[in-house]
Structure formats: C-alpha cells, structure tokens
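Read through the structure below, which is laid out as structure tokens, and then see the notes.
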Amino acid sequence: MSTTTRRRPRARSRHPPRQRLRRASPNGAHFIENAEVARIFREMADVLEIEGANPFRIRAYRNAARTVEELPEPVARMVRDEPKRLTTLPGIGADLAGKIGEIVGTGRLAALREAEHEAPHGAVSLMHVPGIGPRKARILCEQLGVRSIAGLERAARGGRIAKLRGFGKRTEERILRELKAHAAEETRVRRAVAAQYGESLLDWMRGCEFVARAEIAGSYRRCRETVGDLDLLVTAEGKGGSASAIERFVEFPEVRDVIARGRTRAAIRLRSGLNVDLRVLPERSWGAALHYFTGSKSHNIAVRRIGHERGLKINEYGIFRGTRRIGGAEEREVFAAVGLPWIPPELREDRGEIDAARAHHLPHLLTLEQVRGDLQSHTTDSDGRDTLDAMAEAAESLGYKYLAVTDHTPSVRIAGGLNRAGFRRQMRRIDRLNARLRSLTVLKGVEVDIFPDGSLDLDDETLAAFDIVVASMHAKLQLPEAAQTARIVRALQHPSVDVLGHPTGRLIGRRRPASFDLEAVCRAAADHGVMLEINAQPERLDRADIAARAAVGHGVALTLGTDAHAVVELGFMRWGVDQARRGWVEARHVANTRPLPQLLKLLHGHRA
C-alpha cells in the first residue's frame, strides 16, 4: 500500500497517527514541531561536548532530544495544555521541561546562545561531517582557524590538516571523501523528520473548506530515506478555491519565508529550513500530476516513452491523443494508458518495475499489518529507557504476538551491556513475565557485538541459551572491505547467530556505512541460515533498499526490528516497512510476519 493511498488508521489501530496542532496557540506560543525542539537540544549537546562539559549533562540533552522527537503527540500542545506532564517524560526533569517551554514560547533557547559564545566559532558545523568529533572540531578551529565546511575543505586540499598532531594524511583524505559525500547530502533530511512537518502541513491544508484532496508527492511519497524538499499537491473546489488554498498554505504557522506566491503555485521555507512547493490542480489533472510529481524522473521518462510509442502525450496536465484529453483524473489512468497495472510509488525508480508490471510480476509488497512482532528491542537493563515489563506491555497493546528483547553485551560500554550473569537474571525475569502476559511471548535475546576478527562478545554456552541472537558491529566500521567481509562471514558461521543486525552500521548523514562484499555476505547468510535485518530506526534504515532486494534474490530471509530503546520507538516499524517495500520485499520474505511456531523454526535452537 503506497504512502498516498494508505488510509489513516483509527485510534484503536496498531500504530495510531500523531495528533497535530491545527493553529498557533491562543497565548501566542510558537507553532513548534517536536523535531525542531529535538534539533535545538542536540545542538546544545554538541556545543557542550565541544566545551568539554560534564558528560552526564551532555547525555541529558541528547536523551531529551530523542524523547521529544519520538513523542506521539506535539510537545507544544503539552506545554500549552498540560505543562506538568512534561516532567513525567523519560529523562525530562524540571530544568529541561522549562527549556522546552522556552523553546515553544520563543522559538529559541537562550542557554544555547550563551554556550555558543563560549565554544570556538564554527566548531558545531564541523561536527556535521562524519568522523569529526568535538575534540577534532575544536583543534581545527583553534589551530587552523577553520570556521566553516568550506574552510575545512580548503584546509584539507591545502594539506594543512595532515600536519596537525593526531590527524595525519589518512585522516585528511578521509575528510575529503566525507566532504564530497556531505555536499550531496547536506540539503536532505531524514524522511521521518520531514514527516513531522509534512503530515502537520497536510492536516493544516485539509482543514481548508475549499481543499478536496491533498497529498505529498516526490521522493517523500516514494519513501526514500531522505528528502530534499516537499512537493504538496491539492485540488480546490468552488469560486475562489485556488486563492483560498494558496492563502491557507502561506499562513501555515511553521512558515519562516514565503518564497513565491501565484494563482496556482506557491513556495515556502519552514523554520526547520525545509522548502515546500504547492501546486493547486484542477480535478481533471489530479492523477497525471500526482504521477508526474511523484517521479522518479527516470521512471516518468520510461512511462512517457511508452506513451509516445502509442501516439499519446503524457504530462502533468493529463493524457492526450493529439489535442484531445483522454484521461488523467486518476493516477491509475496513466498506467492503464500505457498498458500497465498501477505501480506502487516505492518501486518507481526505473529498476525493472515496468518490465515486471508488463509481465504481471509486480511484488505483493509487505504491509505494516502483516508484521506480527518486533525482533530487536532494548530495555533499561542496557541502554533502553523503558523497563522490560513496560516494553512487553506496549508490544502486547500493539497487537504483536512476540517481542525479542535484545540487550547489548559488555563491549558496547556506552550502552552498559550485560554480562553472562546479567543475561541469566534477565532470562529468569522473562520466564516470569511470559507467565503473566496474555497474548505476547517475549523472546530471550541478545544483540551481541562482533569483534573486528569476527568473534563474538559472549561465550558460546550463554549464546546457545538464547531464543534469538542478533549479531551486530558497533566499532571499527571503517576496516578495509576484505577485512570487513571476513569479519562478518566469520560471525555468520557461528552456530548460535540468527540475525545480522543493522548490517552496515550506518547513521544517515552522520556515519558512513561499513564497506563489505554484499554478494559474499548474502551467500554466507544463505549457507548458514542466518537472516539479515532491516533496522527500522529512522537514522539507520539499514539495510538499504537495494541491499534488501539483493538479499531476497539470494534466498535470504529478512527480519524487521525497530531497535526500540523506549516504548514510543516501537512505532518505528512503519519506517522499516517502507524501507522493505522499496526493496521489493513481500511478507513471505520477512521472518516476523510468521506465527511464532514458524518463526522459531528459523532460529538456532530449532534449525537443523
């Protein structure tokens, strides 16, 4: 089911939609999305880290950012209606609650401005480049006078960075590689962040009495993991409907600048920096425009080429034979005109979807409703923010039949991983919990760290005792490709490993993926019955869509895991499903669409 055609679930559904502010609050408070509050808190943490502040204070801001960003309701509404509730949120005390109120009320944080005066000018911007942490950012600012990304590039190209103590030529070369990638990514934002603004804007536009339809097209509708901007399409009814829709659009409370404004088009820049283009369409052009502005460009060119061969002209205004309009009111008419069934937006990348449609071999893409459980989650026993009991109860309330609790092992020190004795205690608690639960089974699991040589961070006897073992890399992600491949293949050969977790270790926009031979890893996974994870954390979405499709092509089963560190993160499953759909994944390819008895047959304790 595509992003555009998916109906909003009712409140009793598995993943209820976020509720939204419809207008600025009557007391004059700013209309601030959760993502904007989180951004300010993360920037505060970055500045404090550069200054060498107390690590607990830095972590408090980062945890607060994550808590706010994941809230299923607008924090601005909590400030307005129930400010005392803020201190009941995980990691939010009276001080941070006050700062949230300040941001919502003024749109800024005074403490951040003060901290920025103390930090070297430009250091925060340098930390946006993967591989440059607070210490290196400070050195670059203080010793080389680097104040911007452009200045960093000049210093690297001039060979000045290699001369710094603790950097060297290899660091300088890596910085240049990262800068090249950064230039292509810096104007794009994670889709989950764009969704907070986009879905609020959709609600806002649908609140206009003249607007009949409203959808976001572009890469957002195709479920790409990042988006550059948003393309909003609406139809307007009645005399003056178009003008009313334009007026409604530019009055959206998150608008920072109105870039353009016409009779049927307008463009705005939101406070977050995200640009949004609006097009007001006649009903007769809705389907053709939705197809055209959804893209991708290469997919559209292929469709238009087929239309041309049939004597048709297909554009955003409709489908024409000569000067006569023959369709375009609905998107399916575009595909029917070229002899194709409707193709889901997630597949429209000109990667074989047109040939598959011609042959009636389009996949029956996975849906959120087909997922029966979550196969990666964390609790307060390691670095989670909710207890074992709370995570289980939340999963049960979502209608799941099973939840794998997979806390970290000792080598992931920042996560406070468990040792052998700690896991044994947790297993006994899970047994007691399962005896109380009505419809959910908690699987005893672990996310075991893979060492650089491919060995695992837990003894074989303990690993064999788990229901499910997820093996993941958390360090040394920049090993040479051959060494990284050997590392992963050795881990997959361990008889207790069930899943390779977030295979590349990437963090979108922050950390480059590990480089390894995908074909070799897929072959090893198939040979040893190991599944590969699609990690649904919005900053990971790891595996990438193309890699997920490659795994399916090798006959490797996939798993979906939210990697949830809190109850609210269990809702991240929607992002994992979207990523899977882009990889042509069907329910039959995903282990956790199966009933528990069938799932267990794929795990190390049951497979031959």
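Here's how to read the names in the structure tokens: chain A, B, ... by the order shown, residue numbers from 1 in each chain, ligand numbers from 1 in the order shown.
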
Would you kindly return, as a PyMOL selection string, each protein, DNA or RNA residue with an atom no farther than 6 Å from any atom of segment 592-606 of chain A, considering only C-alpha atoms and excluding same-chain residues fewer than 3 positions away?
chain A and resi 370-373+496+498

Segment 113-232 of chain A: which residues are helix (DSSP H, G or I) by DSSP, as an NGL selection string?
:A and (113-118 or 123-126 or 134-144 or 149-157 or 161-163 or 168-185 or 191-206 or 218-221)

Nearest-residue call for His364 of chain A, choices A:Asp467, A:Asp389, A:Asp277, A:Glu586, using only C-alpha atoms
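Smallest distance to His364 of chain A is found for A:Glu586.
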
Shortest interatomic distance to Gly273 of chain A - which of A:Asp453, A:Glu36, A:Glu447, A:Asp203, counting only C-alpha atoms
A:Glu36

Give me the residues near Gly158 of chain A as a PyMOL selection string, where near means some atom within 12 Å (using only C-alpha atoms) and where sequence neighbours in that chain fewer than 6 positions away do not count.
chain A and resi 144+151-152+169+172-173+176

Which polymer residues have any atom within 7 Å of an atom of Pro503 of chain A, counting only C-alpha atoms, with same-chain residues fewer than 6 positions away left out, as a short mmCIF file (atom, residue, chain, number, x, y, z; two decimals) with N, CA and C atoms, in the first residue's frame?
data_model
loop_
_atom_site.label_atom_id
_atom_site.label_comp_id
_atom_site.auth_asym_id
_atom_site.auth_seq_id
_atom_site.Cartn_x
_atom_site.Cartn_y
_atom_site.Cartn_z
N SER A 472 25.82 -7.84 15.73
CA SER A 472 25.96 -6.52 15.10
C SER A 472 27.36 -5.97 15.30
N ASP A 542 18.69 0.39 7.87
CA ASP A 542 19.83 -0.41 7.46
C ASP A 542 19.42 -1.89 7.51
N ARG A 543 19.14 -2.53 6.41
CA ARG A 543 19.73 -2.43 5.09
C ARG A 543 19.09 -1.38 4.20
#

Selected residue, from A:Gly509, A:Gly131, A:Gly198, A:Gly328, that lies nearest to Ile216 of chain A when counting only C-alpha atoms:
A:Gly198

Quick one: residues within 10 Å of Gly145 of chain A, only C-alpha atoms counted, chain neighbours fewer than 5 positions away excluded, as a ChimeraX atom specification?
/A:120-122,138-140,151-152,155

May I have the selected residues written with C-alpha atoms, as a compact mmCIF listing (two decimals), in the first residue's frame?
# COMPACT_ATOMS: atom_id res chain seq x y z
CA PRO A 120 35.03 28.11 19.14
CA HIS A 121 33.14 29.78 16.31
CA GLY A 122 32.20 27.29 13.59
CA ARG A 138 37.99 22.32 18.47
CA ILE A 139 41.54 21.66 17.25
CA LEU A 140 40.61 22.57 13.66
CA GLY A 151 37.12 26.41 5.23
CA LEU A 152 37.57 22.77 6.20
CA ALA A 155 42.44 23.32 4.71

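As for atom CA of Pro90 of chain A and atom CA of Arg512 of chain A, they are spaced 29.8 Å apart.
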
Contacts of segment 351-362 of chain A within 7 Å, only C-alpha atoms, excl. fewer than 4 positions in-chain, as an mmCIF file with all heavy atoms, in the first residue's frame:
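Now in selection_25.cif:
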data_model
loop_
_atom_site.group_PDB
_atom_site.id
_atom_site.type_symbol
_atom_site.label_atom_id
_atom_site.label_comp_id
_atom_site.auth_asym_id
_atom_site.auth_seq_id
_atom_site.Cartn_x
_atom_site.Cartn_y
_atom_site.Cartn_z
ATOM 1 N N LEU A 340 -0.270 -0.803 -18.474
ATOM 2 C CA LEU A 340 0.338 -1.316 -17.252
ATOM 3 C C LEU A 340 -0.644 -1.260 -16.089
ATOM 4 O O LEU A 340 -1.506 -0.377 -16.035
ATOM 5 C CB LEU A 340 1.575 -0.495 -16.871
ATOM 6 C CG LEU A 340 2.740 -0.471 -17.866
ATOM 7 C CD1 LEU A 340 3.813 0.486 -17.378
ATOM 8 C CD2 LEU A 340 3.310 -1.870 -18.068
ATOM 9 N N PRO A 341 -0.501 -2.176 -15.120
ATOM 10 C CA PRO A 341 -1.242 -2.024 -13.868
ATOM 11 C C PRO A 341 -0.610 -0.908 -13.041
ATOM 12 O O PRO A 341 0.517 -0.482 -13.311
ATOM 13 C CB PRO A 341 -1.060 -3.384 -13.179
ATOM 14 C CG PRO A 341 0.260 -3.866 -13.687
ATOM 15 C CD PRO A 341 0.352 -3.385 -15.111
ATOM 16 N N LEU A 347 8.272 1.649 -5.793
ATOM 17 C CA LEU A 347 9.021 0.920 -6.821
ATOM 18 C C LEU A 347 9.410 1.796 -8.005
ATOM 19 O O LEU A 347 10.129 1.338 -8.896
ATOM 20 C CB LEU A 347 8.185 -0.260 -7.335
ATOM 21 C CG LEU A 347 7.699 -1.288 -6.306
ATOM 22 C CD1 LEU A 347 7.005 -2.443 -7.014
ATOM 23 C CD2 LEU A 347 8.843 -1.800 -5.447
#

Find the residues near segment 49-65 of chain A: any atom within 7 Å, counting only C-alpha atoms, skip ones fewer than 3 places away on the same chain, and give them as a PDB file with all heavy atoms, in the first residue's frame.
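Writing the result to out.pdb gives the following:
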ATOM      1  N   ALA A  38      13.864  18.981  19.332  1.00  0.00           N
ATOM      2  CA  ALA A  38      14.943  17.987  19.389  1.00  0.00           C
ATOM      3  C   ALA A  38      16.209  18.528  18.737  1.00  0.00           C
ATOM      4  O   ALA A  38      17.321  18.309  19.233  1.00  0.00           O
ATOM      5  CB  ALA A  38      14.496  16.695  18.714  1.00  0.00           C
ATOM      6  N   PHE A  41      17.980  20.886  21.128  1.00  0.00           N
ATOM      7  CA  PHE A  41      18.624  20.143  22.219  1.00  0.00           C
ATOM      8  C   PHE A  41      19.886  19.431  21.732  1.00  0.00           C
ATOM      9  O   PHE A  41      20.898  19.384  22.439  1.00  0.00           O
ATOM     10  CB  PHE A  41      17.645  19.142  22.824  1.00  0.00           C
ATOM     11  CG  PHE A  41      16.737  19.722  23.890  1.00  0.00           C
ATOM     12  CD1 PHE A  41      15.755  18.952  24.485  1.00  0.00           C
ATOM     13  CD2 PHE A  41      16.871  21.033  24.306  1.00  0.00           C
ATOM     14  CE1 PHE A  41      14.924  19.479  25.467  1.00  0.00           C
ATOM     15  CE2 PHE A  41      16.060  21.577  25.287  1.00  0.00           C
ATOM     16  CZ  PHE A  41      15.084  20.792  25.875  1.00  0.00           C
ATOM     17  N   ARG A  42      19.847  18.870  20.533  1.00  0.00           N
ATOM     18  CA  ARG A  42      21.038  18.186  20.014  1.00  0.00           C
ATOM     19  C   ARG A  42      22.158  19.191  19.757  1.00  0.00           C
ATOM     20  O   ARG A  42      23.335  18.896  19.996  1.00  0.00           O
ATOM     21  CB  ARG A  42      20.694  17.423  18.734  1.00  0.00           C
ATOM     22  CG  ARG A  42      19.883  16.165  18.969  1.00  0.00           C
ATOM     23  CD  ARG A  42      19.954  15.211  17.785  1.00  0.00           C
ATOM     24  NE  ARG A  42      19.239  13.986  18.104  1.00  0.00           N
ATOM     25  CZ  ARG A  42      17.977  13.729  17.757  1.00  0.00           C
ATOM     26  NH1 ARG A  42      17.297  14.617  17.050  1.00  0.00           N
ATOM     27  NH2 ARG A  42      17.392  12.586  18.089  1.00  0.00           N
ATOM     28  N   ALA A  45      23.744  19.928  23.001  1.00  0.00           N
ATOM     29  CA  ALA A  45      24.635  18.843  23.406  1.00  0.00           C
ATOM     30  C   ALA A  45      25.958  18.918  22.645  1.00  0.00           C
ATOM     31  O   ALA A  45      27.031  18.706  23.219  1.00  0.00           O
ATOM     32  CB  ALA A  45      23.957  17.491  23.171  1.00  0.00           C
ATOM     33  N   ASP A  46      25.895  19.233  21.339  1.00  0.00           N
ATOM     34  CA  ASP A  46      27.117  19.349  20.541  1.00  0.00           C
ATOM     35  C   ASP A  46      28.020  20.457  21.074  1.00  0.00           C
ATOM     36  O   ASP A  46      29.233  20.288  21.198  1.00  0.00           O
ATOM     37  CB  ASP A  46      26.762  19.636  19.076  1.00  0.00           C
ATOM     38  CG  ASP A  46      26.166  18.436  18.364  1.00  0.00           C
ATOM     39  OD1 ASP A  46      26.302  17.312  18.887  1.00  0.00           O
ATOM     40  OD2 ASP A  46      25.562  18.622  17.293  1.00  0.00           O
ATOM     41  N   VAL A  68      11.750  13.757  23.025  1.00  0.00           N
ATOM     42  CA  VAL A  68      10.826  14.713  22.418  1.00  0.00           C
ATOM     43  C   VAL A  68      10.525  14.335  20.973  1.00  0.00           C
ATOM     44  O   VAL A  68       9.375  14.380  20.530  1.00  0.00           O
ATOM     45  CB  VAL A  68      11.403  16.140  22.502  1.00  0.00           C
ATOM     46  CG1 VAL A  68      10.581  17.113  21.671  1.00  0.00           C
ATOM     47  CG2 VAL A  68      11.443  16.598  23.945  1.00  0.00           C
ATOM     48  N   GLU A  69      11.561  13.971  20.230  1.00  0.00           N
ATOM     49  CA  GLU A  69      11.380  13.654  18.817  1.00  0.00           C
ATOM     50  C   GLU A  69      10.444  12.468  18.617  1.00  0.00           C
ATOM     51  O   GLU A  69       9.720  12.385  17.628  1.00  0.00           O
ATOM     52  CB  GLU A  69      12.732  13.366  18.163  1.00  0.00           C
ATOM     53  CG  GLU A  69      12.696  13.313  16.657  1.00  0.00           C
ATOM     54  CD  GLU A  69      14.086  13.274  16.059  1.00  0.00           C
ATOM     55  OE1 GLU A  69      14.900  12.421  16.484  1.00  0.00           O
ATOM     56  OE2 GLU A  69      14.381  14.108  15.188  1.00  0.00           O
ATOM     57  N   GLY A  91      13.569  11.072  31.201  1.00  0.00           N
ATOM     58  CA  GLY A  91      14.734  11.946  31.100  1.00  0.00           C
ATOM     59  C   GLY A  91      14.431  13.432  31.118  1.00  0.00           C
ATOM     60  O   GLY A  91      15.329  14.247  30.910  1.00  0.00           O
ATOM     61  N   ILE A  92      13.175  13.817  31.357  1.00  0.00           N
ATOM     62  CA  ILE A  92      12.809  15.239  31.384  1.00  0.00           C
ATOM     63  C   ILE A  92      12.504  15.651  32.821  1.00  0.00           C
ATOM     64  O   ILE A  92      11.475  15.269  33.383  1.00  0.00           O
ATOM     65  CB  ILE A  92      11.589  15.542  30.495  1.00  0.00           C
ATOM     66  CG1 ILE A  92      11.810  15.028  29.074  1.00  0.00           C
ATOM     67  CG2 ILE A  92      11.290  17.031  30.499  1.00  0.00           C
ATOM     68  CD1 ILE A  92      12.884  15.718  28.301  1.00  0.00           C
ATOM     69  N   ALA A 119      31.992  28.490  22.893  1.00  0.00           N
ATOM     70  CA  ALA A 119      32.611  27.492  22.021  1.00  0.00           C
ATOM     71  C   ALA A 119      33.329  28.172  20.858  1.00  0.00           C
ATOM     72  O   ALA A 119      32.959  29.276  20.451  1.00  0.00           O
ATOM     73  CB  ALA A 119      31.547  26.542  21.484  1.00  0.00           C
ATOM     74  N   PRO A 134      33.950  16.294  18.708  1.00  0.00           N
ATOM     75  CA  PRO A 134      34.177  17.581  19.380  1.00  0.00           C
ATOM     76  C   PRO A 134      35.649  17.936  19.537  1.00  0.00           C
ATOM     77  O   PRO A 134      36.030  19.099  19.383  1.00  0.00           O
ATOM     78  CB  PRO A 134      33.494  17.390  20.729  1.00  0.00           C
ATOM     79  CG  PRO A 134      33.325  15.916  20.898  1.00  0.00           C
ATOM     80  CD  PRO A 134      33.169  15.363  19.526  1.00  0.00           C
ATOM     81  N   ARG A 135      36.499  16.957  19.867  1.00  0.00           N
ATOM     82  CA  ARG A 135      37.918  17.266  20.077  1.00  0.00           C
ATOM     83  C   ARG A 135      38.554  17.749  18.772  1.00  0.00           C
ATOM     84  O   ARG A 135      39.263  18.762  18.745  1.00  0.00           O
ATOM     85  CB  ARG A 135      38.653  16.028  20.592  1.00  0.00           C
ATOM     86  CG  ARG A 135      40.112  16.296  20.968  1.00  0.00           C
ATOM     87  CD  ARG A 135      40.835  15.014  21.343  1.00  0.00           C
ATOM     88  NE  ARG A 135      41.008  14.137  20.200  1.00  0.00           N
ATOM     89  CZ  ARG A 135      42.010  14.259  19.319  1.00  0.00           C
ATOM     90  NH1 ARG A 135      42.913  15.222  19.440  1.00  0.00           N
ATOM     91  NH2 ARG A 135      42.104  13.427  18.309  1.00  0.00           N
ATOM     92  N   ARG A 138      37.357  21.231  17.699  1.00  0.00           N
ATOM     93  CA  ARG A 138      37.990  22.318  18.468  1.00  0.00           C
ATOM     94  C   ARG A 138      39.414  22.579  17.970  1.00  0.00           C
ATOM     95  O   ARG A 138      39.822  23.730  17.802  1.00  0.00           O
ATOM     96  CB  ARG A 138      37.992  21.961  19.948  1.00  0.00           C
ATOM     97  CG  ARG A 138      38.414  23.117  20.835  1.00  0.00           C
ATOM     98  CD  ARG A 138      38.343  22.812  22.312  1.00  0.00           C
ATOM     99  NE  ARG A 138      38.495  24.037  23.078  1.00  0.00           N
ATOM    100  CZ  ARG A 138      37.503  24.713  23.632  1.00  0.00           C
ATOM    101  NH1 ARG A 138      36.262  24.255  23.525  1.00  0.00           N
ATOM    102  NH2 ARG A 138      37.730  25.835  24.284  1.00  0.00           N
TER     103      ARG A 138
END
